[in-house]
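Q: Following this message is one structure expressed as structure tokens.
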Amino acid sequence: MDFFHALFAGVTCRRVAWPLVVGILYLPAQAVLAQKGELLTLPDAIARMLAQNPELAVFPLQRKKLAGDARMADLRPAFDFRFETERKHFGGDEPDEAPDPEDAAANELELVVALSSVIELGGKRQMRVDVVSAQLDVLIAEEQARALDLLGEVIRRYAQVLAAEELVVLAKERVSLVRDTLKMVSERVLAAASPASERMRAEATLAKAIMAEQSERNMLVYRKYALSALWGQPEQAFAVDTRALYRFAPGASFEELYAHAQENPAIARFASEERLQASQLRLVQAKSSPDLGWYAGILINRAVDETTALAGFNLPLFSANRNQGALIGAEAELEAVALRRKAALLQLYPQLYLAVTGRKQALGTVSMLQDSVIPNLRQALAEVERAYRRGRDSYTDLIAAREMLLNAERSRIEAARSVLLFGAEIEQLTARPLGPLGLESRQ
């Protein structure tokens, strides 16, 4: 389905316009929300999650904060205005307080007006801007990685809902089969062909089957609540098409999948972090260059009607030595990012291999069960039922045949769920769908 492919392409794009994506997907999500009780498809669930998940709503606020940080980082050093006044009064009898003999004034008033600032050296202003830009890249990578995690979680929870629906159907089938068994046993007891204890056992089995059906229904409600909680509106008033549980996309070779997995946002995030740490290292190196302070102004002496120009500069000493600790820390952080990326790649290989082999095995299990095992067990159960009615097979044989069929059907549901869960894991690791959504396997 083009929607699913476009969705994954948007998630994995390096600079995807998330407000636009969310805005577009919000429209179908609202339409689905207005039709409670209608069929909920996987694209509908994904659209709801992207439009309304609270975790994704935090990222626009963080981008807004970084926009403010970028404006602050681009500011030039501020100017300082200095105004001083000093008045000297000579009126005492002490010799030290006497005015200068050449100065006839008994009072002196001095005014100082000056302007000062700092000249940043070493390109610090551009380095600050680069750091904020790198922080934005990291935020975008984190947003994409988190969105991809949530996409995988939507697929997993949707698969759990599909399986829960099928298990409810299976529980109803169990109740129906147990009722049929109870009817056959009752007929044989009335005909004095079987002991009354068999009917009591059948009645107890029916009670247990009814309770098991209610338990499966409760689990279905829980699975639906867990799915709808991803878009912040826990509810269970929607339906799903359980045939989607047996629609499997074609697989790909492990080598091809691993090549894609190395480019997913979770790994690409390390490249953004590396650029951020490199920018911070350059900023720390730039701070080793001292900033040049300067001032300029005038000094006015009203007593002698004298104006003097003032100018000067100041340069901090030993700035590079004082910055060595920060420089060592920044270099260590840069090296740590490379090591974390290597560790993530080492963990990625077995994780993807397990998902690929697990999915392949689950596919084989589904195929074997639905193509040969279940049809044979259904036929065997029918033969045992006929033989039981004629008194050739025992009650134990009947129960064993019924349970073998029900267990096989449950195994098929669980294997199909495993196929989808492993598929979701692969799609999350590779950041792309396995194949066109809706491709059906053999039913």
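Chain labels follow the order of the structure tokens: the first chain is A, the next B, and so on; residue numbering restarts at 1 in every chain, and ligands are counted from 1 in their shown order.
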Report as a JSON list (two decimals) with all heavy atoms, in the first residue's frame all protein, DNA and RNA residues lying within 8 Å of segment 224-227 of chain A, evaluated on only C-alpha atoms, omitting residues in the same chain fewer than 4 positions from it.

A:
[["chain", "number", "residue", "atom", "x", "y", "z"],
["A", 154, "VAL", "N", 2.85, 0.16, 17.35],
["A", 154, "VAL", "CA", 1.50, 0.10, 16.79],
["A", 154, "VAL", "C", 1.27, -1.22, 16.07],
["A", 154, "VAL", "O", 0.24, -1.89, 16.24],
["A", 154, "VAL", "CB", 1.25, 1.28, 15.83],
["A", 154, "VAL", "CG1", -0.04, 1.07, 15.04],
["A", 154, "VAL", "CG2", 1.15, 2.58, 16.61],
["A", 157, "ARG", "N", 1.02, -4.09, 18.66],
["A", 157, "ARG", "CA", -0.24, -4.10, 19.40],
["A", 157, "ARG", "C", -1.43, -4.41, 18.49],
["A", 157, "ARG", "O", -2.40, -5.04, 18.91],
["A", 157, "ARG", "CB", -0.44, -2.77, 20.13],
["A", 157, "ARG", "CG", 0.62, -2.51, 21.18],
["A", 157, "ARG", "CD", 0.28, -1.33, 22.07],
["A", 157, "ARG", "NE", 1.37, -1.01, 22.98],
["A", 157, "ARG", "CZ", 1.31, -0.10, 23.94],
["A", 157, "ARG", "NH1", 0.18, 0.58, 24.14],
["A", 157, "ARG", "NH2", 2.34, 0.14, 24.72],
["A", 158, "TYR", "N", -1.35, -3.96, 17.24],
["A", 158, "TYR", "CA", -2.42, -4.30, 16.30],
["A", 158, "TYR", "C", -2.43, -5.80, 16.04],
["A", 158, "TYR", "O", -3.51, -6.42, 15.96],
["A", 158, "TYR", "CB", -2.21, -3.53, 14.99],
["A", 158, "TYR", "CG", -3.39, -3.58, 14.05],
["A", 158, "TYR", "CD1", -4.46, -2.70, 14.19],
["A", 158, "TYR", "CD2", -3.44, -4.51, 13.02],
["A", 158, "TYR", "CE1", -5.55, -2.75, 13.33],
["A", 158, "TYR", "CE2", -4.52, -4.57, 12.17],
["A", 158, "TYR", "CZ", -5.58, -3.69, 12.33],
["A", 158, "TYR", "OH", -6.66, -3.74, 11.47],
["A", 161, "VAL", "N", -4.11, -7.50, 18.84],
["A", 161, "VAL", "CA", -5.58, -7.39, 18.76],
["A", 161, "VAL", "C", -6.13, -8.42, 17.77],
["A", 161, "VAL", "O", -7.14, -9.09, 18.04],
["A", 161, "VAL", "CB", -5.99, -5.96, 18.36],
["A", 161, "VAL", "CG1", -7.50, -5.90, 18.06],
["A", 161, "VAL", "CG2", -5.66, -4.98, 19.47],
["A", 220, "LEU", "N", -9.13, -9.60, 24.95],
["A", 220, "LEU", "CA", -9.35, -8.80, 23.75],
["A", 220, "LEU", "C", -9.61, -7.34, 24.11],
["A", 220, "LEU", "O", -9.07, -6.43, 23.47],
["A", 220, "LEU", "CB", -10.53, -9.36, 22.95],
["A", 220, "LEU", "CG", -10.98, -8.54, 21.74],
["A", 220, "LEU", "CD1", -9.85, -8.39, 20.74],
["A", 220, "LEU", "CD2", -12.21, -9.18, 21.09],
["A", 234, "PRO", "N", -7.82, 5.80, 25.18],
["A", 234, "PRO", "CA", -8.10, 4.36, 25.39],
["A", 234, "PRO", "C", -9.57, 4.05, 25.17],
["A", 234, "PRO", "O", -10.45, 4.63, 25.80],
["A", 234, "PRO", "CB", -7.69, 4.13, 26.85],
["A", 234, "PRO", "CG", -6.71, 5.21, 27.14],
["A", 234, "PRO", "CD", -7.18, 6.40, 26.36],
["A", 235, "GLU", "N", -9.83, 3.16, 24.25],
["A", 235, "GLU", "CA", -11.19, 2.72, 23.95],
["A", 235, "GLU", "C", -11.11, 1.35, 23.31],
["A", 235, "GLU", "O", -10.05, 0.91, 22.87],
["A", 235, "GLU", "CB", -11.88, 3.71, 22.99],
["A", 235, "GLU", "CG", -11.08, 3.95, 21.73],
["A", 235, "GLU", "CD", -11.95, 4.28, 20.53],
["A", 235, "GLU", "OE1", -13.05, 3.71, 20.43],
["A", 235, "GLU", "OE2", -11.50, 5.07, 19.71],
["A", 236, "GLN", "N", -12.23, 0.67, 23.23],
["A", 236, "GLN", "CA", -12.24, -0.64, 22.59],
["A", 236, "GLN", "C", -13.44, -0.80, 21.67],
["A", 236, "GLN", "O", -13.77, -1.89, 21.24],
["A", 236, "GLN", "CB", -12.22, -1.73, 23.65],
["A", 236, "GLN", "CG", -13.30, -1.63, 24.72],
["A", 236, "GLN", "CD", -14.53, -2.45, 24.42],
["A", 236, "GLN", "OE1", -14.47, -3.43, 23.69],
["A", 236, "GLN", "NE2", -15.66, -2.03, 24.98]]

Q: Give me the residues near Ala387 of chain A as a list of chain:residue names, where near means some atom within 9 Å (using only C-alpha atoms) and where sequence neighbours in that chain fewer than 6 positions away do not count.

A: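 Answer for this query is A:Asp393, A:Ser394, A:Leu398.
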
Q: Could you write out the selected residues, including N, CA, C and O atoms, as an mmCIF file, in the first residue's frame?

A:
data_model
loop_
_atom_site.group_PDB
_atom_site.id
_atom_site.type_symbol
_atom_site.label_atom_id
_atom_site.label_comp_id
_atom_site.auth_asym_id
_atom_site.auth_seq_id
_atom_site.Cartn_x
_atom_site.Cartn_y
_atom_site.Cartn_z
ATOM 1 N N ASP A 393 -15.087 -46.139 19.640
ATOM 2 C CA ASP A 393 -14.037 -45.334 20.299
ATOM 3 C C ASP A 393 -14.540 -44.875 21.656
ATOM 4 O O ASP A 393 -15.756 -44.691 21.870
ATOM 5 N N SER A 394 -13.623 -44.640 22.550
ATOM 6 C CA SER A 394 -13.985 -44.240 23.908
ATOM 7 C C SER A 394 -14.119 -42.713 24.017
ATOM 8 O O SER A 394 -13.742 -41.958 23.118
ATOM 9 N N LEU A 398 -12.283 -39.394 22.058
ATOM 10 C CA LEU A 398 -13.007 -38.228 21.552
ATOM 11 C C LEU A 398 -12.400 -36.934 22.084
ATOM 12 O O LEU A 398 -12.170 -35.973 21.325
#

Q: Using only C-alpha atoms, which residue out of A:Ala380, A:Val221, A:Ala252, A:Ala278 lies closest to Leu334 of chain A?

A: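 Of all the options, A:Ala278 lies closest to Leu334 of chain A.
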
Q: Smallest atom-to-atom distance to Arg432 of chain A: which of A:Gln214, A:Ser116, A:Gln62, A:Asn264, using only C-alpha atoms?

A: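 Ranked by minimum distance to Arg432 of chain A, first place goes to A:Asn264.
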
Q: What's the 12 Å shell around Ala382 of chain A, counting only C-alpha atoms, without same-chain residues fewer than 6 positions away, as an MDAnalysis selection string?

A: chainID A and resid 177 180:181 375:376 388:389 393 397:398 401:402 405

Q: Which residues, written as a list in words, have at least one atom at most 7 Å from segment 420-428 of chain A, with only C-alpha atoms counted and residues fewer than 2 positions away on the same chain left out?

A: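 Selected residues are Leu148, Asp149, Gly152, Ile155, Arg156, Ala159, Leu352, Ala355, Gly358, Arg359, Ala416, Arg417, Ser418, Thr430, Ala431, Arg432, Pro433 and Leu434 of chain A.
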
Q: Write to file, as an mmCIF file, in the first residue's frame, the residues of the selection just made, with N, CA, C and O atoms.

A:
data_model
loop_
_atom_site.group_PDB
_atom_site.id
_atom_site.type_symbol
_atom_site.label_atom_id
_atom_site.label_comp_id
_atom_site.auth_asym_id
_atom_site.auth_seq_id
_atom_site.Cartn_x
_atom_site.Cartn_y
_atom_site.Cartn_z
ATOM 1 N N LEU A 148 9.679 5.922 14.821
ATOM 2 C CA LEU A 148 9.832 4.571 14.289
ATOM 3 C C LEU A 148 9.559 3.532 15.370
ATOM 4 O O LEU A 148 8.944 2.497 15.107
ATOM 5 N N ASP A 149 10.016 3.799 16.588
ATOM 6 C CA ASP A 149 9.704 2.889 17.701
ATOM 7 C C ASP A 149 8.198 2.779 17.907
ATOM 8 O O ASP A 149 7.661 1.686 18.121
ATOM 9 N N GLY A 152 6.565 0.695 15.205
ATOM 10 C CA GLY A 152 6.714 -0.721 15.503
ATOM 11 C C GLY A 152 5.778 -1.176 16.604
ATOM 12 O O GLY A 152 5.204 -2.275 16.539
ATOM 13 N N ILE A 155 2.244 -1.614 15.247
ATOM 14 C CA ILE A 155 2.106 -2.870 14.499
ATOM 15 C C ILE A 155 2.016 -4.050 15.460
ATOM 16 O O ILE A 155 1.195 -4.961 15.271
ATOM 17 N N ARG A 156 2.863 -4.043 16.492
ATOM 18 C CA ARG A 156 2.840 -5.156 17.452
ATOM 19 C C ARG A 156 1.501 -5.228 18.182
ATOM 20 O O ARG A 156 0.911 -6.307 18.323
ATOM 21 N N ALA A 159 -1.239 -6.390 15.908
ATOM 22 C CA ALA A 159 -1.159 -7.849 15.723
ATOM 23 C C ALA A 159 -1.714 -8.580 16.937
ATOM 24 O O ALA A 159 -2.381 -9.623 16.800
ATOM 25 N N LEU A 352 18.653 -8.565 14.690
ATOM 26 C CA LEU A 352 18.017 -8.712 13.378
ATOM 27 C C LEU A 352 18.020 -10.176 12.940
ATOM 28 O O LEU A 352 17.025 -10.658 12.380
ATOM 29 N N ALA A 355 15.238 -12.013 14.619
ATOM 30 C CA ALA A 355 13.933 -11.662 14.065
ATOM 31 C C ALA A 355 13.713 -12.323 12.713
ATOM 32 O O ALA A 355 12.613 -12.821 12.420
ATOM 33 N N GLY A 358 13.385 -16.157 13.264
ATOM 34 C CA GLY A 358 12.135 -16.426 13.965
ATOM 35 C C GLY A 358 10.935 -16.272 13.063
ATOM 36 O O GLY A 358 9.989 -17.079 13.111
ATOM 37 N N ARG A 359 10.951 -15.244 12.216
ATOM 38 C CA ARG A 359 9.840 -15.041 11.292
ATOM 39 C C ARG A 359 9.767 -16.176 10.276
ATOM 40 O O ARG A 359 8.675 -16.670 9.949
ATOM 41 N N ALA A 416 0.985 -17.252 13.532
ATOM 42 C CA ALA A 416 0.692 -16.106 12.667
ATOM 43 C C ALA A 416 0.986 -14.798 13.398
ATOM 44 O O ALA A 416 1.528 -13.844 12.812
ATOM 45 N N ARG A 417 0.646 -14.742 14.679
ATOM 46 C CA ARG A 417 0.969 -13.551 15.464
ATOM 47 C C ARG A 417 2.491 -13.360 15.527
ATOM 48 O O ARG A 417 2.984 -12.229 15.419
ATOM 49 N N SER A 418 3.226 -14.462 15.689
ATOM 50 C CA SER A 418 4.687 -14.367 15.736
ATOM 51 C C SER A 418 5.250 -13.840 14.425
ATOM 52 O O SER A 418 6.213 -13.064 14.420
ATOM 53 N N THR A 430 14.973 -2.020 10.270
ATOM 54 C CA THR A 430 15.403 -1.615 8.934
ATOM 55 C C THR A 430 14.773 -0.299 8.490
ATOM 56 O O THR A 430 15.186 0.262 7.474
ATOM 57 N N ALA A 431 13.782 0.178 9.232
ATOM 58 C CA ALA A 431 13.101 1.448 8.908
ATOM 59 C C ALA A 431 12.439 1.404 7.539
ATOM 60 O O ALA A 431 12.406 2.407 6.820
ATOM 61 N N ARG A 432 11.892 0.263 7.177
ATOM 62 C CA ARG A 432 11.151 0.155 5.919
ATOM 63 C C ARG A 432 10.250 -1.074 5.976
ATOM 64 O O ARG A 432 10.567 -2.038 6.690
ATOM 65 N N PRO A 433 9.139 -1.054 5.242
ATOM 66 C CA PRO A 433 8.235 -2.210 5.276
ATOM 67 C C PRO A 433 8.842 -3.396 4.563
ATOM 68 O O PRO A 433 9.666 -3.262 3.654
ATOM 69 N N LEU A 434 8.432 -4.590 4.974
ATOM 70 C CA LEU A 434 8.920 -5.808 4.334
ATOM 71 C C LEU A 434 8.395 -5.959 2.914
ATOM 72 O O LEU A 434 9.054 -6.499 2.045
#

Q: Atom CA of Leu369 of chain A and atom CA of Thr41 of chain A, how far apart in Å?

A: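 Those two atoms sit 26.4 Å apart.
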
Q: Extract, using only C-alpha atoms, all DNA, RNA and protein residues at most 10 Å from Ala336 of chain A, discarding same-chain residues fewer than 5 positions from it, and format them as a PDB file with C-alpha atoms, in the first residue's frame.

A:
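Output file around.pdb is given in full below:
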ATOM      1  CA  GLU A 274      29.039  12.804  16.543  1.00  0.00           C
ATOM      2  CA  GLN A 277      30.202  16.578  19.847  1.00  0.00           C
ATOM      3  CA  ALA A 330      34.980  17.320  24.883  1.00  0.00           C
ATOM      4  CA  GLU A 331      37.472  15.004  23.173  1.00  0.00           C
ATOM      5  CA  ARG A 341      27.709   3.506  17.670  1.00  0.00           C
ATOM      6  CA  LYS A 342      29.979   0.480  17.356  1.00  0.00           C
TER       7      LYS A 342
END

Q: Out of segment 189-427 of chain A, which residues get alpha helix (DSSP H) from DSSP, as number ranges by chain?

A: A: 189-190, 196-228, 254-261, 265-287, 319-322, 324-368, 374-389, 395-427
